[in-house]
Every structure is written in structure tokens, then in C-alpha cells.
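Here's the structure we're looking at; comments come further down.
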Amino acid sequence: MPAFRRFTILLLLAVLAAPWHALVLGAAAGRSVPDAFSPVPPALGLLPVPKEVKWGDGSFGMKSTTRIVVGNSATDEDLYAARELNEELRARYGTELRIVRAGEIANPSGHILIGEHASNPHFEQLGLVATPRLSRPEEYMIWVTSTNIAVAGADRRGTFHGVQTVRQLLRPSGSQAVAREVTIRDWPDHSMRAVHVLLDSASGEFHSALIDRILAPYKFNTLIVEAEHVQWESGRPFWSPDARGATKEQVKRLLEVAREHHIRVIPLIATLGHSEWVFAGLSDPATCQQIAYIPKRLRGAGGTQVTCDRSRGVFPAVYDPVRSITLDGTATNLNDALILPILREAVDLFRPDYMHLGHDEVRGPGGVRYDMDLYLQDIITLSKFIQPLGVRPMVWGDVLWERRQEAEAEPLFKDLPRNMVIVPWKYEDVREYPELAYFRRSGFPVIGATWYRLHNNHYMSRAANAAGVLGMVRTTWTGHFQNRAALTRAYRQLYTYLTAANYFWTADRPAPDRAPPEAELARRFADAWTFGASSPGRIPGTLLDLSGVATQRHVDDDGTGWLGKGSDTDLRALVSGRHRFGGILFEVLDPQRHEGKSIVMLRGERDVAAKMPRRVTMRWRGRAACLVFLHTSLDRALNFGDVVGSYTITLAGGRRIGIDLTFGRNISSWLWDAERGIPSIEQEMAWTGRTKAGVDVHLQALRWMNPEPATAIQSIELASTGGRASPAVFAITALDRCP
Amino acid sequence: MTSWPIRAAIATVALVLMMTVTGAAGPQTTLEFWTISLQPFFTDYVNRMISDYQRANPGVQIKWVDVQMQAIEQKLLAAIAGGVPPDVVNLNVEFTVRIAEKGALLDLDAAVPAAERAKYFDGLWAGGRFRGRSYGIPWYIAPPVLFFNSDLFKKAGLDALNPPESEDEMIEAARLIKDRTKDYGFMPLIDGTRLMHRFRENGLPMLSEDGKRAVFNSPAHVAYLERYVDLFKKDYFPDDTLRRGFTGAVERYSAGQLGMLLVGPQFLLRIKESNPEIYAKTFVAPYPMGRGKVIHAGLMALTVPRASKHQQEAVKFALYVTNDENQLEFAKLPGTVIFPSTKKAAADPFFKQKGAGPEWKARSIAADELKFGRDLTVVVSNQSELYKIFREAVESAFFGKMSPKEALDWAVREWNARL
């Protein structure tokens, strides 16, 4: 056989043997539309749900002549609320109002009045009288009429909360901000509505923003801050804090921001339970062995009995606060040498009303019971130390609840201070919380602690209300530290603050089945967080036609579409045609009109995806300032942040710009993530639906900003890394400008 | 040019010479060995074992780190991600599968010679298998037994010499204890994913035979769950059962506030330490078996992270820790009731010996149970999310968010969309 012919045959064989579907090329047309983007008004529902609301038909529109009128004796705090309203107007509507005192205007009509009822004479002048009188702490009333907005608080906090509600009432109307007529009377069910956060050296800016954009606007009034890693001076040189902890200057700034927003700060020093920070800071590993709690039978054994490994962060489960230790040749114990001095320092720094002393999940090694007398005695010792400093103690309630029979049987139980606040925590979607009433009956003030789940927050807040507790706290668990990274690594814990905000204020409404779904909470949180993004109006653009490159359909009537699992497990809930998600118009193909294809599914590990091309290149010539991809992945990636594919845009002239598809950030599974919810603030959930089988499903949007909007795009390549979380593209929209 | 066999022989000799030289004067190799909650009860045993190994292997140092069960998975993943993995890590099957799925563990079918593998029980070697490959060298196993407080039995009018033999009898005894003493009779192991084991112990499968569909919402599954939900609603077991599982149960039993305790016999040591009075009142009986005549016996294994810089040495050390002698010595420690994973060690006459005290009773009972014991961990891809869904379903049923049928139907739908 001639060499050339042999070569040709080999080449043909090679082509046939290679995956024919490794690359698909296709041309994509596009349809121009005048409203490829159209702004979406903010969510309508008020959060927290106010107690009494009476809507009217008219509305109040802000004009350039509108003033914010505060009382003649308005303090900095009142003015702060007025400035917050102005910031909202500036950021969202590009306008700002003058702030004046009541005495500066003769006729209040056309203005926004804010302040405690008695402090502003214009309330009576307008006939805006609260009947019965506003008397509950933090209570407020809002009147929106065609001529005025008026916010009256029973106290300064009430006024502040009322202004936050007004911010939610504002809507765009053309370039103007308007508010629908309404009368609201509102007050909280719980006097303490707290969020628990953790401090670190990078948490300052994050927590300030959190207070300003989320916690205060949604009416939390207390922060419980884990402060054991603050750069304490106590205990040196035998102990020093983790260098990643917050500085005292940071704490002072946090206290200032919190004060401006009417938020009280309670420090939490995790003592006895979760005391890794104590062990980790010891300069001499031998001290670690000395202070570790060792079960009675083994105490006399001596020698090294437990791991104290700073490099791995592995330490004993719990310490013994009164075991005798020797430091610098002096006999002492851990409480005297370290814990009490730190508590003193914390009191000096925070000047708090309360101090949380931890004491949760206190167990010996391997789950051995910690001695109850030692446990109770430690609470009493620490309480006796801080009470003369004017600080009330607080402890977690799990040990005292789960081992209540043992605790009650100890004579020391009677000596627990009855002004000590007990914080029982339960994080499952439980309906009954008998521990709240138990601790109340035992004579303690109580705060109920929840986590991120909806039913947990609803039912515990209701039970707490019925038990007459002091308040509620929403805990946050992001390791030992917490900063901006939580927005991308623990976002679910943050956006569900809004659920807690609602139920801590109004315990019984809405019923859980009528509460905003998590996707809406996530959107709302992100909207509040990016506060400042102005609304640009309509933007023209092009809906790209994927029919030339589509490889699969999103519906599955015969077990060969979508994932090949049949009609119960497909995306038929997404009807073909045009849809607007997050303001962007998308066109989803109808498979019946395009040879059974509607989406670009790329290669992945699943059987159906294994037959798909690894990459697809669309030829599309056009200019775009932004491209928006409507897409999803077929499964969860193994890890958050895994790159599951890429989009590469080639511009005229040959410049290629790649976009990594990073799982959890700009692409996620089509199925609701049972562990992470909406995984990060960057993840834009575009569409939410449900399969026939009743499973919640989603598509995400990825927005790409063209660094050279004046240069035409030549092609868009869609590629998969071939793993289980392989991508599928449903639509692409090009925008002439970026919103 | 020499032929391939000659070249291979030369290379081998050179390698041996190099290794010999290295062993005599070369740098020390430090292997980091992680265990789960063995301190302080087994500190001396592990230290002794390490010393012996270091003496026999002068070039090797072992750094031992004992990690709490609840922290080990997270710490291991963090260490691997940080590029500083330990070398030998003790994991249970659930953790092994989850970390193997991330491609982070060494394939031990390939790394351990067949002759060594043959020393272990086949079923146990296969216990850490994911997608056809084994990632864990079996270490020890402890089939659960029934401990009961003979005082509470007496107060409830029960005969301590005739403990419950089946799950039905155990439930009836638990009712009587609660009704007559006000103390809880039991804390069933139905928290979170443990209900999967109970299903399987009762012959109720989790997956279809081809593993592609979840099937745990049959009327029999629903009825099984309903029964426990009903007991919970009537306060026959405490609410922290679902949150704290056997940890809470051991604590409550040790306080004398629980009639019966279903745990591995190794927990006897903790009861003894926590409360010698309750230990003295503790009787032992066989685990009340379900209808499937199989018992979930959790296996502890030793794994080697793929990123270990000393894979060969790590495998060698893991085989040493799990060899016949060391396992036998471990099993013989006073107060300890565990069983070896190697055939030879398990055949030792020690396990047939009779003695006085609950440990001997527990050992003898557990030895008889071994033939029914299997690690019933459900091995699936995307395990952490599927397990989370299952846990949510179980909690929803117990806490009244859904009926048991609704909860299992929901979880099956969610699993099937993901499988």
C-alpha cells in the first residue's frame, strides 16, 4: 500500500476513533430587542411583618422641595436616622433631601416628619396622633398620606425602626421615589433581638457593613460577639491570643458603629466549653497537659495523656479551671491566671450590661461526663467576679437542660445567680421548646438561640414569646473567625438573618408556608448589601439563538432528554419562550421546533452527558457591553470553588477572554443545594421552579462584562471540564450596556 | 546494552544499597498518625506501639495526634487542602467514602500486596470500598450490645435475667420503664443517618439492587419510622436523642437516668469512668436484632492520604498497627471490648475465654454477634448531601414538619433526582 494512502486511511481511522463530539461549531443568529434589560423593582413585602398595617390607594411622591423634618431638640441619633433615609434616596434614586428642624418650616405639608411623637409639633398640626399613645419600647407609627410621610417613635429606637420601614416602602416611579399610602403601627415581640457573630482581624469592615446594611435596617438591636480572640493583654507571657483575632481598636470602632445604629453589644468569652483558644495560646505545651481536664480515675497517672498540637489545632476537649498549675514557680489555677483577668479586660473594653460566659457542650474526653459540681462552681465563680463590675452573666443552656436532673440534685444549683441569663439553643426545625419555660420556672431570664432554619426560628420565637423570655439570638457558625469570606463561604447563614429578623420582631407571622423562600431572601440580602447600585432603566440588546449549537433538550418525555430520568425529573417547568429573570430577557428554545434540541449540554460524568461535546463554539458577530448566560450544572461539584468549565469570548482582532465557571460562585447545580442553600452572594439565582416529582430546581445567571465593549465579538466557546458538575447553557443575552 | 532482566536486577540492587545507606545515616522520616478519641484511655497502649515501631525502624519517627470524632473530617480536609496532610489516618467507613470520593485517599487495593490483604476478613477489607476500590485498612470492629440498668429494670418490674431479645421486646421494656419509673427506657439509635442502619437491620433496603434508585419509602419503611415517631410523641424517649445520638445516651445512662443503652461494648469503659455506681448495676445482653438478622457493626479503618509524602512508609506503618499482635494486644486491654479485623487475631482463644464482670460478658456476647455484623453504611456518590437530605427528612418526621410518609417520600424524590 502506498505510504500516502496508508496515511490517509490511518488519518480517517483516527478521526473516526476520536470522540466525534469533541467539538461542535455553529453559527448563532440573534434577535435584537429594545428591553434586553429592564429594572426590577425591589421586593414588595415588608420585613419584619408589621403588627398593624392599613393600606390606602394614593401615594406620596418626593419632590426636590421635600424636606426631612426632625424635632427641634433632635439629637445626633435622630439625625443619623434622617441621614440613613437620605443615603437610601441618594443610592437608589439619585436624589437627596435637606434635613431641617421643625422650627424651620411653617407648613409641614409635602415633607417627611420624623422623631418621637412629642418632639415634633407638626405631628399634631397635621392631626397625626397615635391612639392609644405610643408606649411600648421601640414602638413606632408611620403615616404615609398624599401630602406627607410621618414617622413617630415611642422612643429613639422606635423612630429609628420606623425610618427603616419607610426605606422599604419607597418605590421608583419614573425617576422619582414614591411611597404608597399606608398607616402602620408596629412594635417588637422580643425586647432583645440579637445576632451572634465572631470577631477577627479582618471582620471590622464586614461587621460595620453588616450592621449598617442588614442588621439595623431589619431591626435587630443586639450583637453577641465572640471575643475570646481579641488581642487581650492578660496572661502574658504564658499565654497570648491568636494573632488573627481582632484588635481592641477594631472593637472600639464596632462599638461606635453599633451605638449609632441603636445596637447593644454583648461580649461572649467561650469559657469551659469550646476552649481551644485557651490551649492554643499557651506558650509552654507542658501547661496544656497541666490544665487539661482529665477524668478522675486517670488523674494520678501523670505524664502526657492528651494531644496538644498547635500546628494541627488539636487540643483537649475542655480544661479544668481550678486544677493547680505552676507558673513562674507560683502555684495558681487557670481561672486566676487567665480567665478572670480576660473577663476584667473585656468589661473594661466593652462596658457591657451582660457578658456571655459560654459553658456549652462541656464534656470530658471521649464523651466522659464533666463533673457537674465543677461545672456549676465555675459558673458561680465567674458570675461573682463580673457582677460587682455591674455586668450580668449569661451562659448557654444546653448542659443545664440536658443534665437538669443532675444539676438540680447539686446543692450548688441553688447558688446560681437568678439574674443570670440562660441561652438554650436548638437548631433543628423543632416545634416544641420546653427548655424555655423550664428555665423561666427555675427563675432565670432566658434568651432562645436559633440557627438558620425557617421553622426553628418561627416556632422557637413563638414559644419564647409565650414563655415570656428576654429575647432571641440568631447564631452564626463560621469556624473561629468571620469576615467578608462568609459572603462566599457561608452565605446561607447570612441571608437567613432576614428570617430571624422577621420572627424575632413578629413571632407568629407569616406562617412558615407563607414566608419568603430562601432564594428571595438571598436576593434581598444581596440587594441590601450592594446598596448603592442605581437603577439604569431599559437597555437594548440581543437574544442569541442557540439553535445551531444546541445538543440536548431540557424536557424529557421518553428518557432521552435532560438527564434521561423521564418527565418527573426534567425542567419542563421552564416553558420555552421569552422570560425575564433578574431584569434580563432570555429566550429559551422550544425543542419541538428545533429538532428536539433546546439547550447546550456539555460533556460530563453522567451517562447522558458522557455523549455530549466537551466544547461548543458559537459564531456570533455583534457588539455587547455585557453577556449574560442562563445556565446550570448537572450535579454538585465535589468542592465549592471547583472549576467545572469555561466560556471563552473571542473578540475581533483575536483577543480571547476566558471566564472560569466556578462552582458555587457563578454556576451551581440545577437542584437545590441541601447543604449550602444559595452558596454565595455572587451566585445569581435567575429562575426557580419545581419538577413534576416535586423537587425544587434552579437556573443561574452569569454576567460577564466586556472589557472592550466597542470591539465586536466573533465567537463564544462553551467548554466543560468533564466532571460530574458539567454545565448546560439555556440562553445567552447580549446587552448594549451593562446594568 | 544489557537485557531487561539484567537491568532490572542491577536497578534493584542499587535501590537496596541506596535504601540501606539511607536507613543507616539518612534523614529521619516522620510519619504523622491520626487517631479518633483514643486519649486518654488508650494513651499508654498507642505510645508503646509507636515506641516499638520506632525501635524496629530507626529511620522513622511517628508523631501521634488524637483528634475528636466530630473534628477529624474537617481537620483532615483542611490539612490536605493546605498541602500538609498526615500520613496515616483513622476513619470510619462514612468518612472514608466521603474523602475517597474527593480523590484524596490512596487506593489500598493497589498499595497493599495481596498476601497482606488476605490476612484481613474479606468483608471488612471491602468495608471501605468506593467505586470498586478499597481505601481503608480495617482496624477494629465492635458490634453493639445492650447494656441495661438492673436497678431500673427491677423498679419497672422487669426481669434483669430475661432482657429483651428483639426490637419489639426492647420497645415494650422501654415503655414499662418510662411508665413505671419516670426515667426514660432507651434512646433508640435513629438519629440522622443511623435510621438507615436500622432500616437495613430490618431487611429494608435503602437503594434498588442496581443502586440507581432510592427505595426507602415503601409502606414497611414508613411503618417502621411511624412507630418511633409515635413513641417520641408519647415521650418514650427524650428529644436530645435526635440531636446527640449515642453520646447523649451514654451520658444519660451514666447518670442513672436511662434504662437501656445500645452502643458498642467499648463504651463500657466510659460508663465505668463516669459513674462506677451505675457501672456496678450494669448488665449486658445481646443486641436486640431486627427482622433482617444483621447488625450494623461500625468499622474503624486506617487510611493513607494520597498527598502523603511517605505513602509506602505510611502503608507499612498502617499494616503494623493493624497486624495480628497489635490488634490482639489492643483487644486484651483491661476494660476494652473490641474485635480485631485480621483472621488470625480473631481466632485467638482469648475471645472464647469466660471471665467475671460486664466486660467479659460483653466480649462473649459481641463475639457471638460477629457473624451477624456488617458495616451497613450506605455508600453513594454525593454522600454528604444525600445524608443531609435523609437527616432532614428524619427530623421533619419527628418534629412534626411532615408526616413520616411525606418525609420519606420527599427524601426519596430528592435522592432520585441526584442519584
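Numbering starts fresh at 1 for the residues of each chain in the C-alpha cells, the chains themselves are lettered A, B, ... in the order given, and ligands are numbered from 1 as they appear.
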
Chain B near chain A within 9 Å: what's each residue's closest atom pair and its distance in Å to one decimal, counting only C-alpha atoms, ordered by chain then ascending residue number, as CSV?
residue,atom,partner,partner_atom,distance
B:Ser37,CA,A:Gly366,CA,5.6
B:Leu38,CA,A:Gly366,CA,7.5
B:Gln39,CA,A:Val306,CA,5.8
B:Pro40,CA,A:Gln305,CA,5.3
B:Phe41,CA,A:Leu298,CA,8.1
B:Phe42,CA,A:Gln305,CA,9.0
B:Thr43,CA,A:Gln305,CA,6.0
B:Asp44,CA,A:Gln305,CA,8.1
B:Trp64,CA,A:Thr307,CA,8.0
B:Val65,CA,A:Thr307,CA,5.9
B:Asp66,CA,A:Thr307,CA,5.9
B:Val67,CA,A:Val314,CA,6.4
B:Gln68,CA,A:Gly366,CA,7.5
B:Met69,CA,A:Gly366,CA,8.7
B:Ala71,CA,A:Val314,CA,9.0
B:Lys75,CA,A:Arg312,CA,7.8
B:Ala79,CA,A:Arg312,CA,8.0
B:Glu101,CA,A:Leu638,CA,7.9
B:Lys102,CA,A:Leu638,CA,6.2
B:Asp240,CA,A:Glu402,CA,7.6
B:Arg243,CA,A:Glu428,CA,8.3
B:Thr247,CA,A:Gly367,CA,6.4
B:Gly248,CA,A:Glu402,CA,8.4
B:Val250,CA,A:Gly367,CA,8.0
B:Glu251,CA,A:Arg369,CA,6.2
B:Arg252,CA,A:Arg403,CA,7.7
B:Ser254,CA,A:Arg369,CA,7.9
B:Ala255,CA,A:Glu406,CA,7.4
B:Gln257,CA,A:Gln405,CA,8.6
B:Arg270,CA,A:Val368,CA,5.9
B:Ile271,CA,A:Val368,CA,7.7
B:Glu273,CA,A:Arg297,CA,6.6
B:Ser274,CA,A:Arg369,CA,5.7
B:Asn275,CA,A:Arg369,CA,8.7
B:Asn382,CA,A:Leu638,CA,7.6
B:Ser384,CA,A:Glu675,CA,8.1
B:Glu385,CA,A:Glu675,CA,6.1
B:Leu386,CA,A:Ala674,CA,8.3
B:Lys388,CA,A:Glu675,CA,6.8
B:Ile389,CA,A:Ala674,CA,6.5
B:Glu392,CA,A:Glu428,CA,8.7
B:Glu395,CA,A:Asp429,CA,7.3
B:Ser396,CA,A:Asp429,CA,7.0
B:Phe398,CA,A:Val430,CA,8.5
B:Phe399,CA,A:Val430,CA,5.0
B:Gly400,CA,A:Arg431,CA,7.1
B:Lys401,CA,A:Asp429,CA,7.4
B:Trp410,CA,A:Gly694,CA,8.2
B:Arg413,CA,A:Ala693,CA,6.7
B:Glu414,CA,A:Val695,CA,6.3
B:Asn416,CA,A:Thr569,CA,8.6
B:Ala417,CA,A:Thr569,CA,6.3
B:Arg418,CA,A:Asp635,CA,7.2

Writer output for current selection, N, CA and C atoms, as a short mmCIF file (atom, residue, chain, number, x, y, z; two decimals), in the first residue's frame:
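Final output, saved to again20.cif:
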data_model
loop_
_atom_site.label_atom_id
_atom_site.label_comp_id
_atom_site.auth_asym_id
_atom_site.auth_seq_id
_atom_site.Cartn_x
_atom_site.Cartn_y
_atom_site.Cartn_z
N SER B 37 -10.25 9.87 69.09
CA SER B 37 -10.66 9.78 70.51
C SER B 37 -10.10 8.55 71.24
N LEU B 38 -8.82 8.30 71.11
CA LEU B 38 -8.22 7.20 71.87
C LEU B 38 -7.56 7.69 73.16
N GLN B 39 -7.43 9.00 73.28
CA GLN B 39 -6.84 9.54 74.53
C GLN B 39 -7.96 9.94 75.48
N PRO B 40 -7.80 9.87 76.75
CA PRO B 40 -6.59 9.38 77.43
C PRO B 40 -6.66 7.90 77.77
N PHE B 41 -7.74 7.22 77.37
CA PHE B 41 -7.90 5.83 77.83
C PHE B 41 -6.87 4.88 77.23
N PHE B 42 -6.43 5.15 76.02
CA PHE B 42 -5.51 4.23 75.35
C PHE B 42 -4.15 4.87 75.06
N THR B 43 -3.85 5.93 75.78
CA THR B 43 -2.60 6.66 75.54
C THR B 43 -1.39 5.73 75.68
N ASP B 44 -1.36 4.97 76.76
CA ASP B 44 -0.18 4.13 77.01
C ASP B 44 -0.02 3.07 75.92
N TRP B 64 2.13 11.24 66.84
CA TRP B 64 0.74 10.81 67.06
C TRP B 64 -0.13 12.00 67.43
N VAL B 65 -1.25 12.15 66.74
CA VAL B 65 -2.23 13.21 67.04
C VAL B 65 -3.59 12.55 67.23
N ASP B 66 -4.18 12.75 68.38
CA ASP B 66 -5.51 12.16 68.64
C ASP B 66 -6.57 13.25 68.46
N VAL B 67 -7.51 13.02 67.57
CA VAL B 67 -8.48 14.05 67.20
C VAL B 67 -9.88 13.59 67.62
N GLN B 68 -10.69 14.54 68.05
CA GLN B 68 -12.08 14.20 68.40
C GLN B 68 -12.85 13.79 67.14
N MET B 69 -13.76 12.85 67.32
CA MET B 69 -14.55 12.33 66.18
C MET B 69 -15.19 13.47 65.37
N ALA B 71 -14.35 16.38 64.85
CA ALA B 71 -13.45 17.34 64.20
C ALA B 71 -12.60 16.71 63.10
N LYS B 75 -10.70 18.63 59.86
CA LYS B 75 -9.26 18.88 60.03
C LYS B 75 -8.46 18.17 58.94
N ALA B 79 -6.11 19.91 56.23
CA ALA B 79 -4.68 19.57 56.14
C ALA B 79 -4.31 19.17 54.71
N GLU B 101 -14.15 9.92 47.79
CA GLU B 101 -14.86 10.49 46.64
C GLU B 101 -14.17 11.75 46.13
N LYS B 102 -13.51 12.44 47.01
CA LYS B 102 -12.78 13.66 46.61
C LYS B 102 -11.43 13.31 46.01
N ASP B 240 -33.38 15.00 72.96
CA ASP B 240 -31.99 15.12 72.53
C ASP B 240 -31.48 13.82 71.89
N ARG B 243 -30.61 14.75 68.49
CA ARG B 243 -29.52 15.71 68.32
C ARG B 243 -28.19 15.11 68.75
N THR B 247 -23.96 9.69 72.05
CA THR B 247 -23.18 10.49 73.02
C THR B 247 -24.10 10.90 74.17
N GLY B 248 -25.29 11.39 73.79
CA GLY B 248 -26.26 11.78 74.82
C GLY B 248 -26.74 10.58 75.59
N VAL B 250 -25.11 7.75 76.21
CA VAL B 250 -24.08 7.28 77.16
C VAL B 250 -24.07 8.20 78.39
N GLU B 251 -24.20 9.50 78.13
CA GLU B 251 -24.19 10.47 79.24
C GLU B 251 -25.39 10.25 80.16
N ARG B 252 -26.55 10.07 79.54
CA ARG B 252 -27.76 9.90 80.36
C ARG B 252 -27.73 8.56 81.11
N SER B 254 -25.06 6.97 82.01
CA SER B 254 -24.04 7.07 83.06
C SER B 254 -24.57 7.84 84.26
N ALA B 255 -25.54 8.69 84.04
CA ALA B 255 -26.13 9.45 85.15
C ALA B 255 -27.22 8.64 85.86
N GLN B 257 -30.04 7.69 84.47
CA GLN B 257 -31.36 8.16 84.04
C GLN B 257 -31.84 7.51 82.75
N ARG B 270 -16.21 4.00 79.43
CA ARG B 270 -16.62 5.38 79.73
C ARG B 270 -17.68 5.42 80.81
N ILE B 271 -18.55 4.41 80.81
CA ILE B 271 -19.57 4.34 81.87
C ILE B 271 -18.86 4.13 83.21
N GLU B 273 -15.89 4.96 84.03
CA GLU B 273 -15.18 6.17 84.42
C GLU B 273 -16.15 7.24 84.92
N SER B 274 -17.27 7.38 84.20
CA SER B 274 -18.22 8.44 84.54
C SER B 274 -18.94 8.17 85.85
N ASN B 275 -19.32 6.93 86.08
CA ASN B 275 -20.13 6.63 87.25
C ASN B 275 -19.98 5.15 87.65
N ASN B 382 -21.87 11.72 46.19
CA ASN B 382 -22.51 12.91 46.74
C ASN B 382 -23.11 12.60 48.11
N SER B 384 -22.47 13.42 51.22
CA SER B 384 -22.78 14.39 52.28
C SER B 384 -24.13 15.05 52.03
N GLU B 385 -24.44 15.36 50.79
CA GLU B 385 -25.73 16.00 50.53
C GLU B 385 -26.89 15.01 50.69
N LEU B 386 -26.69 13.78 50.18
CA LEU B 386 -27.77 12.79 50.32
C LEU B 386 -28.03 12.48 51.80
N LYS B 388 -27.49 14.48 54.26
CA LYS B 388 -28.13 15.67 54.84
C LYS B 388 -29.64 15.65 54.57
N ILE B 389 -30.00 15.28 53.35
CA ILE B 389 -31.42 15.21 52.99
C ILE B 389 -32.12 14.16 53.86
N GLU B 392 -32.60 15.50 57.33
CA GLU B 392 -33.68 16.50 57.36
C GLU B 392 -35.03 15.82 57.35
N GLU B 395 -35.71 14.25 60.79
CA GLU B 395 -36.06 15.30 61.76
C GLU B 395 -37.44 15.87 61.47
N SER B 396 -37.74 16.04 60.21
CA SER B 396 -39.07 16.57 59.85
C SER B 396 -40.17 15.66 60.36
N PHE B 398 -39.97 13.50 62.93
CA PHE B 398 -40.03 13.50 64.40
C PHE B 398 -40.53 14.83 64.94
N PHE B 399 -40.15 15.92 64.29
CA PHE B 399 -40.51 17.23 64.85
C PHE B 399 -41.80 17.79 64.25
N GLY B 400 -42.51 16.97 63.51
CA GLY B 400 -43.86 17.34 63.09
C GLY B 400 -43.94 18.24 61.88
N LYS B 401 -42.83 18.42 61.18
CA LYS B 401 -42.89 19.26 59.98
C LYS B 401 -43.59 18.52 58.85
N TRP B 410 -40.51 12.58 50.33
CA TRP B 410 -39.72 13.76 49.93
C TRP B 410 -38.25 13.39 49.76
N ARG B 413 -37.62 11.33 46.66
CA ARG B 413 -37.65 12.19 45.45
C ARG B 413 -36.33 12.94 45.29
N GLU B 414 -35.87 13.51 46.40
CA GLU B 414 -34.63 14.30 46.33
C GLU B 414 -33.43 13.40 45.99
N ASN B 416 -33.54 10.56 44.35
CA ASN B 416 -33.64 10.06 42.97
C ASN B 416 -33.25 11.12 41.94
N ALA B 417 -33.52 12.37 42.25
CA ALA B 417 -33.09 13.42 41.32
C ALA B 417 -31.57 13.51 41.29
N ARG B 418 -30.93 13.09 42.37
CA ARG B 418 -29.46 13.25 42.47
C ARG B 418 -28.68 11.99 42.14
#

May I have the residues within 9 Å of Trp451 in chain A as a ChimeraX atom specification, using only C-alpha atoms and disregarding those fewer than 3 positions away in the same chain?
/A:425-428,454,456-457,473-477,493,496-497,500

Could you give me, as a PyMOL selection string, the residues within 8 Å of Asp151 in chain B, counting only C-alpha atoms and dropping anything in the same chain fewer than 3 positions from it?
chain B and resi 154-155+281

List the neighbours of Leu231 in chain B out to 12 Å using only C-alpha atoms; skip same-chain residues closer than 2 positions along the sequence, and give me the result as number ranges by chain.
B: 171-172, 174-175, 178, 184-188, 224-229, 233-239, 398

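If you look at CA of Leu416 in chain A and CA of Glu228 in chain A, they are 23.3 Å away from each other.
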
From A:Val197, A:Val729, A:Leu571, A:Val549, residue lying nearest Leu254 in chain A [only C-alpha atoms]:
A:Val197

Contact residues around Glu359 in chain B with only C-alpha atoms at 7 Å, ignoring same-chain residues under 2 positions, as a ChimeraX atom specification
/B:335,337,357,361-363

Using only C-alpha atoms, determine which residues lie at most 8 Å from range 350-361 of chain A, disregarding the query and same-chain residues fewer than 2 positions distant; provide the list as a PyMOL selection string.
chain A and resi 224+251-252+255+265-274+346-348+363+379+382+390-399

Using only C-alpha atoms, the residue out of A:Tyr218, A:Tyr80, A:Phe413, A:Trp187 with shortest distance to Val53 in chain A is A:Trp187

Extract, using only C-alpha atoms, all DNA, RNA and protein residues at most 7 Å from Asp186 in chain A, discarding same-chain residues fewer than 4 positions from it, and format them as an NGL selection string.
:A and (50-52 or 139-141)

Taking only C-alpha atoms into account, name the residue in B:Leu268, B:Ala223, B:Leu299, B:Leu419 that is nearest to Phe121 in chain B.
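Comparing B:Leu268, B:Ala223, B:Leu299, B:Leu419 against Phe121 in chain B, the winner is B:Leu299.
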
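We find CA of Trp415 in chain B and CA of Gly559 in chain A to be spaced 17.9 Å apart.
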